[in-house]
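> The structure is given below, and queries will be raised subsequently.
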Amino acid sequence: MKFMHIADVHLGCTPDARTEWAEARSRELWETFRKTIADASARQADLVLIAGDLFHHTPDEAQLREVNYLLGSYPQICFAIIAGNHDYWPAGSAWETFEFAPNVALLGREGVECIRFASIGCEVYGFSYDRPQITKARYDHLHPEDNAYFHILLAHGGDADHIPIDVRALEQSGFDYIALGHIHKPTVVLPSRALYPGALSPIDAADEGPHGYLVGETHGSQVQVKFVRKALREYVSMRVTATEDDTVLSMRDKVENAILGRGAENIYRITLTGERSAGVQFDTELLRNAGMVLDVRDETVPALHLQELKERYRGQLIGRYIESFEGHALSEVEEKALQAGLEALMASGGRT
């Protein structure tokens with residue numbers, strides 16, 4: 001049996017909501033999901049497991065119709081879905097009344113269900129969230145039936161507020177594969193047996209690193225699993241180092257070149273480091289326009305050559321200020337005070 005394991009697609013989310021690319025990112029989540037399902041067909045997958053938070057919020061009928069059209073377009077593939085803590089299934093929601101295509105199985109919210117896919121010799125166990133938080137460890141005592149089927153647990157959670165998971169209990173559960181969702185970074189809990197694929201696409205700046213899905217192939221009760229990168233972009237934290245020779249425009253070029261080197265499609269948080277000329281202040285808003293940049297932090301410090309400044313401004317305010325710090329090793333606080341004071345004095349002329 002060949003299967004695909006995805007989670008945390010968050011359809012309906014608008015990442016980076018206050019940016020000019022926010023709406024495009026929202027559409028991108030749908031497009032990446034569409035292409036992923038097309039991948040399942042191209043890979044001749046028998047089963048696709050969707051381990052919760054397919055939607056960013058409890059879906060309405062229109063959203064379910066869109067997904068159902070997509071999944072129903074591949075009748076040769078079986079789909080198993082659970083609702084997670086974001087798209088949970090409250091009483092009276094569209095989850096309850098919507099009729100999915102025959103090849104799509106939604107596991108309910110009333111308790112653990114077992115969906116048997118006889119044509120591929122597989123049983124999928126699991127349940128949907130009925131509320132945003134479930135603090136009880138509901139997976140710790142689950143076990144599959146003793147039969148010849150390949151047994152999969154479809155589960156969402158893993159922290160104190162979202163079904164805590166005991167790794168030892170999973171290991172002893174008897175399931176051949178545990179398809180996990182909720183953690184947005186690819187994570188191996190039990191090698192080749194219990195894994196998080198991470199979010200299909202990153203939706204938050206904390207979701208750094210590669211994103212995609214897992215593909216697996218069974219050999220008896222054994223599984224071979226590999227991660228496939230699918231997201232169009234990543235969030236990247238990047239440091240760019242300034243020197244005394246840098247001007248506002250040269251620093252802008254440095255940032256742009258660094259972005260091009262790492263990938264212009266990615267979304268960046270930039271931190272400026274190093275020493276700048278004492279008379280230069282970098283324009284962080286200008287730097288944000290060098291690419292898809294969420295924010296720029298300027299942690300540069302002025303390059304202050306104390307002995308040269310003391311000689312140049314001897315007898316003047318700047319010279320006397322430097323002398324006031326001499327005669328002992330400076331603490332970190334004193335170094336910052338010297339630096340900040342000198343920068344302020346030099347900006348104002350500081351000669352008297």
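Quick note on naming: the chains in the structure tokens go A, B, ... in the order shown, residues restart at 1 in each chain, and ligands are numbered from 1 in order of appearance.
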Name the residues of segment 4-175 of chain A that fall into strand (DSSP E or B) according to DSSP on the backbone, using the chain letters and numbers of this document, as a PyMOL selection string.
chain A and resi 4-6+11+47-51+55+78-82+104-106+113-117+122-126+134+150-156+159+162
> Would you give me, as number ranges by chain, the residues in segment 26-164 of chain A that DSSP reads as alpha helix (DSSP H)?
A: 26-42, 61-72, 94-97
> So that I can check the surroundings of Tyr125 of chain A, please list as a list in words every protein, DNA and RNA residue that reaches within 7 Å of it, counting only C-alpha atoms and ignoring chain neighbours fewer than 6 positions away.
Val112, Glu113, Cys114, Ile115, Ile152, Leu153 and Leu154 of chain A
> Write out as a list in words which residues come within 7 Å of Val240 of chain A when counting only C-alpha atoms, dropping same-chain ones fewer than 4 positions away.
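Returned residues: Val255, Thr271, Leu272 and Thr273 of chain A.
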> Mind checking which residues fall within 9 Å of Ala80 of chain A, counting only C-alpha atoms, ignoring those fewer than 6 positions away in the same chain, and posting them as a list in words?
Leu47, Val48, Leu49, Ile50, Ala51, Asn103, Val104, Ala105, Leu106, Leu107, Ile115, Val124 and Leu154 of chain A
> Can you list, as number ranges by chain, every protein, DNA or RNA residue that comes within 9 Å of Tyr177 of chain A when you count only C-alpha atoms, leaving out same-chain residues fewer than 4 positions away?
A: 150-154, 192-195, 221-223
> Name all residues at most 10 Å from Ala94 of chain A (count only C-alpha atoms; drop same-chain ones fewer than 2 positions away) and give them as a short mmCIF file (atom, residue, chain, number, x, y, z; two decimals) with N, CA, C and O atoms, in the first residue's frame.

data_model
loop_
_atom_site.label_atom_id
_atom_site.label_comp_id
_atom_site.auth_asym_id
_atom_site.auth_seq_id
_atom_site.Cartn_x
_atom_site.Cartn_y
_atom_site.Cartn_z
N THR A 58 -13.49 26.20 11.82
CA THR A 58 -14.55 25.27 11.46
C THR A 58 -15.12 25.66 10.10
O THR A 58 -15.55 26.81 9.92
N PRO A 59 -15.12 24.76 9.13
CA PRO A 59 -15.49 25.14 7.76
C PRO A 59 -16.98 25.34 7.58
O PRO A 59 -17.81 24.76 8.29
N ASP A 60 -17.32 26.16 6.59
CA ASP A 60 -18.72 26.27 6.18
C ASP A 60 -18.95 25.33 5.00
O ASP A 60 -18.02 24.67 4.50
N GLU A 61 -20.18 25.27 4.52
CA GLU A 61 -20.51 24.33 3.45
C GLU A 61 -19.75 24.64 2.17
O GLU A 61 -19.32 23.72 1.45
N ALA A 62 -19.55 25.92 1.86
CA ALA A 62 -18.84 26.28 0.64
C ALA A 62 -17.41 25.75 0.64
O ALA A 62 -16.91 25.24 -0.37
N GLN A 63 -16.73 25.86 1.78
CA GLN A 63 -15.36 25.35 1.87
C GLN A 63 -15.34 23.83 1.73
O GLN A 63 -14.46 23.26 1.06
N LEU A 64 -16.30 23.16 2.37
CA LEU A 64 -16.36 21.70 2.27
C LEU A 64 -16.65 21.26 0.83
O LEU A 64 -16.11 20.25 0.36
N TRP A 89 -15.24 20.27 15.20
CA TRP A 89 -16.58 19.93 14.74
C TRP A 89 -17.59 20.13 15.88
O TRP A 89 -17.86 19.22 16.64
N PRO A 90 -18.15 21.31 16.03
CA PRO A 90 -19.18 21.50 17.05
C PRO A 90 -20.53 20.99 16.54
O PRO A 90 -20.74 20.85 15.33
N ALA A 91 -21.43 20.75 17.45
CA ALA A 91 -22.77 20.30 17.07
C ALA A 91 -23.42 21.34 16.15
O ALA A 91 -23.33 22.54 16.39
N GLY A 92 -24.06 20.87 15.08
CA GLY A 92 -24.76 21.75 14.17
C GLY A 92 -23.90 22.40 13.10
O GLY A 92 -24.40 23.18 12.30
N GLU A 96 -21.30 18.27 10.14
CA GLU A 96 -22.30 17.29 10.57
C GLU A 96 -23.25 16.87 9.44
O GLU A 96 -23.69 15.72 9.38
N THR A 97 -23.56 17.79 8.55
CA THR A 97 -24.58 17.51 7.54
C THR A 97 -24.03 17.31 6.14
O THR A 97 -24.75 16.87 5.26
N PHE A 98 -22.76 17.62 5.94
CA PHE A 98 -22.22 17.56 4.59
C PHE A 98 -22.01 16.11 4.16
O PHE A 98 -21.53 15.27 4.93
N GLU A 99 -22.35 15.81 2.91
CA GLU A 99 -22.19 14.47 2.37
C GLU A 99 -20.98 14.44 1.44
O GLU A 99 -20.99 15.03 0.36
#
> With only C-alpha atoms as the atoms that count, which of A:Gly315, A:Gly108, A:Gly216, A:Gly181 lies nearest to Gly158 of chain A?
A:Gly181
